[in-house]
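Participant: Take a look at the following structure, please.
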Amino acid sequence: MLVILSGVAGAGKDTIKKELIKRMENVESLPSFTSRPMREGDIEGQTYNFVSREEFENMIEKQEFYEYDIHHNQYYGTSRKLLNDKIKSGKIIVKDIDVNGTEHLKELLKQDTKVVTVFLRVPKEELRKRLEERVDKPSPAEIVLRLNRFDYEESKISSYDYVLKNDDLEKTVQIIRTIIENEQEMENKN
């Protein structure tokens with residue numbers, strides 16, 4: 001099963017993903033490939049798979065991605081090989097990805113893999129505050145870029161299986177954990 005977490009930058013996707021992995025035995029992350037530079041706290045192969053823009057474009061040419069997109073002026077993509085390997089392992093994969101990538105993955109994988117989508121909502125002013133307080137301190141221009149994408153991302157909510165307001169980390173993690181357990185139970189019955 002693939003569980004996709006989406007929401008605007010700063011919605012808490014990565015934090016929730018880490019908590020689910022800590023608390024659930026059969027859950028793993030699937031880091032995207034990206035051309036963005038590493039930030040403080042990033043771990044190669046864990047946060048993202050970091051490659052140069054040129055390497056990313058070569059991977060596109062070789063059709064190594066299920067989906068990719070340019071987001072905040074950087075490439076992000078989901079590796080076919082890594083995703084297929086994790087699916088074969090029988091693990092529950094939790095992936096944070098933008099709304100465009102979610103649509104592509106759902107469409108591409110719907111015949112072979114159970115895909116559960118969760119959109120994390122955060123009020124715009126709360127989002128601004130979170131972005132300004134991040135450890136990796138985005139520039140004012142980056143904050144504006146991310147806030148400008150807010151309405152677009154919110155417009156895609158209807159395509160998600162679950163929409164949660166992420167204003168309480170513990171509550172949100174518990175709800176998503178319950179969603180995963182229920183979806184897994186339904187999948188096992190089929």
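As shown in the structure tokens, the chain order sets the letters A, B, ...; within each chain, residues go from 1, and ligands are also counted from 1 in the order they appear.
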Taking only residues of segment 130-150 of chain A that have an atom at most 10 Å from an atom of segment 56-72 of chain A, what is each one's shortest atom pair and its distance in Å to one decimal, using only C-alpha atoms, in chain and number order, as CSV?
Facilitator:
residue,atom,partner,partner_atom,distance
A:Glu142,CA,A:His72,CA,7.6
A:Ile143,CA,A:His72,CA,10.0
A:Leu145,CA,A:His72,CA,6.8
A:Arg146,CA,A:His72,CA,7.2
A:Arg149,CA,A:His72,CA,9.2
Participant: Dump as a Markdown table the rows for residues of segment 27-75 of chain A within 9 Å of segment 83-91 of chain A: closest atom pair and distance in Å with one decimal, only C-alpha atoms counted, ordered by chain and rising residue number.
Facilitator:
| residue | atom | partner | partner_atom | distance |
| --- | --- | --- | --- | --- |
| A:Val27 | CA | A:Lys91 | CA | 5.9 |
| A:Glu28 | CA | A:Lys91 | CA | 6.6 |
| A:Leu30 | CA | A:Leu83 | CA | 7.0 |
| A:Tyr66 | CA | A:Leu83 | CA | 8.8 |
Participant: If you keep N, CA and C atoms, can you produce a file of those selected residues as a PDB file, in the first residue's frame?
Facilitator:
ATOM      1  N   VAL A  27       5.916   0.332   8.304  1.00  0.00           N
ATOM      2  CA  VAL A  27       5.843   1.563   7.509  1.00  0.00           C
ATOM      3  C   VAL A  27       7.245   2.067   7.188  1.00  0.00           C
ATOM      4  N   GLU A  28       7.448   2.429   5.919  1.00  0.00           N
ATOM      5  CA  GLU A  28       8.722   2.991   5.461  1.00  0.00           C
ATOM      6  C   GLU A  28       8.459   4.226   4.615  1.00  0.00           C
ATOM      7  N   LEU A  30       9.491   6.661   1.290  1.00  0.00           N
ATOM      8  CA  LEU A  30      10.055   6.589  -0.059  1.00  0.00           C
ATOM      9  C   LEU A  30      10.499   7.997  -0.431  1.00  0.00           C
ATOM     10  N   TYR A  66       8.211   7.635 -12.178  1.00  0.00           N
ATOM     11  CA  TYR A  66       6.773   7.489 -12.381  1.00  0.00           C
ATOM     12  C   TYR A  66       6.176   8.854 -12.646  1.00  0.00           C
TER      13      TYR A  66
END
Participant: For segment 7-23 of chain A, please output as a ChimeraX atom specification all residues within 9 Å (counting only C-alpha atoms; exclusion window: fewer than 3 positions along the same chain).
Facilitator: /A:26-29,47,94-99,118-122,127-128,130-131,134,146-147,149-150,153-154,166,169-170,172-174,176-177
Participant: Output C-alpha atoms for every residue in that selection, as a PDB file, in the first residue's frame.
Facilitator:
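So out.pdb came out as:
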ATOM      1  CA  ASN A  26       5.606  -2.053   8.719  1.00  0.00           C
ATOM      2  CA  VAL A  27       5.843   1.563   7.509  1.00  0.00           C
ATOM      3  CA  GLU A  28       8.722   2.991   5.461  1.00  0.00           C
ATOM      4  CA  SER A  29       9.413   6.224   3.650  1.00  0.00           C
ATOM      5  CA  THR A  47      15.109  13.065   3.380  1.00  0.00           C
ATOM      6  CA  VAL A  94       4.425   6.685   3.199  1.00  0.00           C
ATOM      7  CA  LYS A  95       5.392   9.362   0.708  1.00  0.00           C
ATOM      8  CA  ASP A  96       4.990  13.107   0.874  1.00  0.00           C
ATOM      9  CA  ILE A  97       4.374  14.603  -2.528  1.00  0.00           C
ATOM     10  CA  ASP A  98       2.724  17.606  -4.147  1.00  0.00           C
ATOM     11  CA  VAL A  99      -0.774  17.588  -5.636  1.00  0.00           C
ATOM     12  CA  VAL A 118      -4.320  12.321   2.585  1.00  0.00           C
ATOM     13  CA  PHE A 119      -4.313  16.103   2.213  1.00  0.00           C
ATOM     14  CA  LEU A 120      -3.103  18.096   5.216  1.00  0.00           C
ATOM     15  CA  ARG A 121      -4.714  21.507   5.557  1.00  0.00           C
ATOM     16  CA  VAL A 122      -3.241  24.444   7.398  1.00  0.00           C
ATOM     17  CA  LEU A 127       1.397  28.376   7.188  1.00  0.00           C
ATOM     18  CA  ARG A 128       3.202  31.720   6.907  1.00  0.00           C
ATOM     19  CA  ARG A 130       5.442  27.903  10.191  1.00  0.00           C
ATOM     20  CA  LEU A 131       7.507  28.831   7.163  1.00  0.00           C
ATOM     21  CA  ARG A 134      11.418  26.705  10.080  1.00  0.00           C
ATOM     22  CA  ARG A 146       5.165  28.859  -1.359  1.00  0.00           C
ATOM     23  CA  LEU A 147       2.252  31.009  -0.188  1.00  0.00           C
ATOM     24  CA  ARG A 149       0.930  28.072  -4.432  1.00  0.00           C
ATOM     25  CA  PHE A 150      -1.491  27.744  -1.489  1.00  0.00           C
ATOM     26  CA  GLU A 153      -2.894  23.165  -3.850  1.00  0.00           C
ATOM     27  CA  GLU A 154      -6.145  23.748  -1.927  1.00  0.00           C
ATOM     28  CA  ASN A 166      -3.229  19.626  10.810  1.00  0.00           C
ATOM     29  CA  LEU A 169       0.377  16.880  15.556  1.00  0.00           C
ATOM     30  CA  GLU A 170      -0.526  14.077  17.973  1.00  0.00           C
ATOM     31  CA  THR A 172      -3.264  14.129  13.191  1.00  0.00           C
ATOM     32  CA  VAL A 173      -0.752  11.263  13.540  1.00  0.00           C
ATOM     33  CA  GLN A 174      -3.322   9.148  15.405  1.00  0.00           C
ATOM     34  CA  ILE A 176      -3.640   8.884   9.901  1.00  0.00           C
ATOM     35  CA  ARG A 177      -2.480   5.787  11.768  1.00  0.00           C
TER      36      ARG A 177
END
Participant: Please report, as a ChimeraX atom specification, each residue of chain A to which DSSP assigns strand (DSSP E or B) when run on this structure's backbone.
Facilitator: /A:2-6,27-29,33-34,44,48-50,65-71,74-79,92-96,115-121,162-165
Participant: Using backbone DSSP assignments, extract all alpha helix (DSSP H) residues from segment 79-161 of chain A; output them as a PyMOL selection string.
Facilitator: chain A and resi 80-88+99-109+124-133+140-148+150-154
Participant: Output the selection as a CSV table (one decimal), in the first residue's frame - N, CA and C atoms for each residue.
Facilitator:
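result.csv, freshly written:
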chain,number,residue,atom,x,y,z
A,80,ARG,N,10.8,5.0,-10.3
A,80,ARG,CA,10.1,3.7,-10.6
A,80,ARG,C,10.7,2.6,-9.9
A,81,LYS,N,12.1,2.4,-9.9
A,81,LYS,CA,12.7,1.3,-9.3
A,81,LYS,C,12.6,1.3,-7.8
A,82,LEU,N,12.8,2.4,-7.2
A,82,LEU,CA,12.7,2.4,-5.7
A,82,LEU,C,11.3,2.1,-5.2
A,83,LEU,N,10.3,2.7,-5.9
A,83,LEU,CA,8.9,2.4,-5.5
A,83,LEU,C,8.5,1.0,-5.8
A,84,ASN,N,8.9,0.4,-6.9
A,84,ASN,CA,8.6,-1.0,-7.2
A,84,ASN,C,9.2,-1.9,-6.2
A,85,ASP,N,10.5,-1.6,-5.9
A,85,ASP,CA,11.2,-2.5,-4.9
A,85,ASP,C,10.5,-2.5,-3.5
A,86,LYS,N,10.0,-1.3,-3.1
A,86,LYS,CA,9.4,-1.2,-1.8
A,86,LYS,C,8.0,-1.8,-1.8
A,87,ILE,N,7.3,-1.7,-2.9
A,87,ILE,CA,6.0,-2.3,-3.0
A,87,ILE,C,6.1,-3.8,-3.0
A,88,LYS,N,7.1,-4.4,-3.7
A,88,LYS,CA,7.4,-5.8,-3.7
A,88,LYS,C,7.7,-6.3,-2.3
A,99,VAL,N,0.5,18.0,-5.1
A,99,VAL,CA,-0.8,17.6,-5.6
A,99,VAL,C,-0.7,17.0,-7.1
A,100,ASN,N,0.2,17.6,-7.9
A,100,ASN,CA,0.4,17.1,-9.2
A,100,ASN,C,0.9,15.7,-9.2
A,101,GLY,N,1.9,15.4,-8.4
A,101,GLY,CA,2.5,14.1,-8.3
A,101,GLY,C,1.5,13.1,-7.8
A,102,THR,N,0.6,13.5,-6.9
A,102,THR,CA,-0.4,12.6,-6.4
A,102,THR,C,-1.3,12.1,-7.5
A,103,GLU,N,-1.8,13.1,-8.3
A,103,GLU,CA,-2.7,12.7,-9.4
A,103,GLU,C,-2.0,11.7,-10.3
A,104,HIS,N,-0.8,11.9,-10.7
A,104,HIS,CA,0.0,11.1,-11.6
A,104,HIS,C,0.1,9.7,-11.0
A,105,LEU,N,0.6,9.6,-9.7
A,105,LEU,CA,0.8,8.3,-9.1
A,105,LEU,C,-0.5,7.5,-9.0
A,106,LYS,N,-1.6,8.2,-8.6
A,106,LYS,CA,-2.9,7.5,-8.4
A,106,LYS,C,-3.3,6.8,-9.8
A,107,GLU,N,-3.1,7.6,-10.8
A,107,GLU,CA,-3.5,7.1,-12.1
A,107,GLU,C,-2.6,6.0,-12.6
A,108,LEU,N,-1.3,6.1,-12.4
A,108,LEU,CA,-0.4,5.1,-12.9
A,108,LEU,C,-0.4,3.8,-12.1
A,109,LEU,N,-0.7,3.9,-10.8
A,109,LEU,CA,-0.6,2.7,-9.9
A,109,LEU,C,-2.0,2.0,-9.6
A,124,LYS,N,-3.8,29.6,6.0
A,124,LYS,CA,-2.7,30.4,5.3
A,124,LYS,C,-1.8,31.2,6.3
A,125,GLU,N,-2.4,31.8,7.3
A,125,GLU,CA,-1.6,32.6,8.2
A,125,GLU,C,-0.8,31.7,9.1
A,126,GLU,N,-1.3,30.5,9.5
A,126,GLU,CA,-0.5,29.6,10.2
A,126,GLU,C,0.6,29.0,9.4
A,127,LEU,N,0.4,28.8,8.1
A,127,LEU,CA,1.4,28.4,7.2
A,127,LEU,C,2.5,29.4,7.1
A,128,ARG,N,2.2,30.7,7.0
A,128,ARG,CA,3.2,31.7,6.9
A,128,ARG,C,4.1,31.7,8.2
A,129,LYS,N,3.4,31.5,9.3
A,129,LYS,CA,4.2,31.5,10.6
A,129,LYS,C,5.1,30.3,10.6
A,130,ARG,N,4.6,29.1,10.2
A,130,ARG,CA,5.4,27.9,10.2
A,130,ARG,C,6.6,28.1,9.3
A,131,LEU,N,6.4,28.6,8.1
A,131,LEU,CA,7.5,28.8,7.2
A,131,LEU,C,8.6,29.8,7.7
A,132,GLU,N,8.1,30.8,8.4
A,132,GLU,CA,9.0,31.8,9.0
A,132,GLU,C,9.8,31.2,10.1
A,133,GLU,N,9.3,30.2,10.8
A,133,GLU,CA,9.9,29.7,12.0
A,133,GLU,C,10.7,28.4,11.7
A,140,PRO,N,12.6,35.3,2.2
A,140,PRO,CA,11.3,35.9,2.0
A,140,PRO,C,10.7,35.6,0.7
A,141,ALA,N,11.6,35.6,-0.4
A,141,ALA,CA,11.1,35.2,-1.7
A,141,ALA,C,10.5,33.8,-1.8
A,142,GLU,N,11.2,32.9,-1.1
A,142,GLU,CA,10.7,31.5,-1.1
A,142,GLU,C,9.4,31.4,-0.4
A,143,ILE,N,9.3,32.1,0.7
A,143,ILE,CA,8.0,32.1,1.5
A,143,ILE,C,6.9,32.6,0.6
A,144,VAL,N,7.1,33.7,-0.1
A,144,VAL,CA,6.1,34.2,-1.1
A,144,VAL,C,5.7,33.2,-2.1
A,145,LEU,N,6.8,32.5,-2.7
A,145,LEU,CA,6.6,31.5,-3.7
A,145,LEU,C,5.7,30.4,-3.2
A,146,ARG,N,5.9,30.0,-2.0
A,146,ARG,CA,5.2,28.9,-1.4
A,146,ARG,C,3.7,29.3,-1.0
A,147,LEU,N,3.6,30.5,-0.5
A,147,LEU,CA,2.3,31.0,-0.2
A,147,LEU,C,1.4,31.2,-1.5
A,148,ASN,N,2.1,31.6,-2.5
A,148,ASN,CA,1.4,31.8,-3.8
A,148,ASN,C,0.8,30.5,-4.3
A,150,PHE,N,-0.5,28.2,-2.5
A,150,PHE,CA,-1.5,27.7,-1.5
A,150,PHE,C,-2.9,27.5,-2.1
A,151,ASP,N,-3.4,28.5,-2.9
A,151,ASP,CA,-4.7,28.3,-3.5
A,151,ASP,C,-4.8,27.2,-4.5
A,152,TYR,N,-3.7,27.1,-5.3
A,152,TYR,CA,-3.7,26.0,-6.3
A,152,TYR,C,-3.8,24.6,-5.6
A,153,GLU,N,-2.9,24.5,-4.6
A,153,GLU,CA,-2.9,23.2,-3.8
A,153,GLU,C,-4.3,22.9,-3.2
A,154,GLU,N,-4.8,23.9,-2.6
A,154,GLU,CA,-6.1,23.7,-1.9
A,154,GLU,C,-7.2,23.4,-2.9
Participant: By how many Å are atom CA of Gly77 of chain A and atom CA of Pro31 of chain A apart?
Facilitator: 9.1 Å
Participant: Calculate how many Å separate atom CA of Phe50 of chain A from atom CA of Met1 of chain A, rounding to one decimal.
Facilitator: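 Those two atoms sit 25.0 Å apart.
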Participant: Quick one, how far is atom CA of Ser35 of chain A from atom CA of Ile93 of chain A?
Facilitator: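 So the two atoms, atom CA of Ser35 of chain A and atom CA of Ile93 of chain A, lie 22.3 Å apart.
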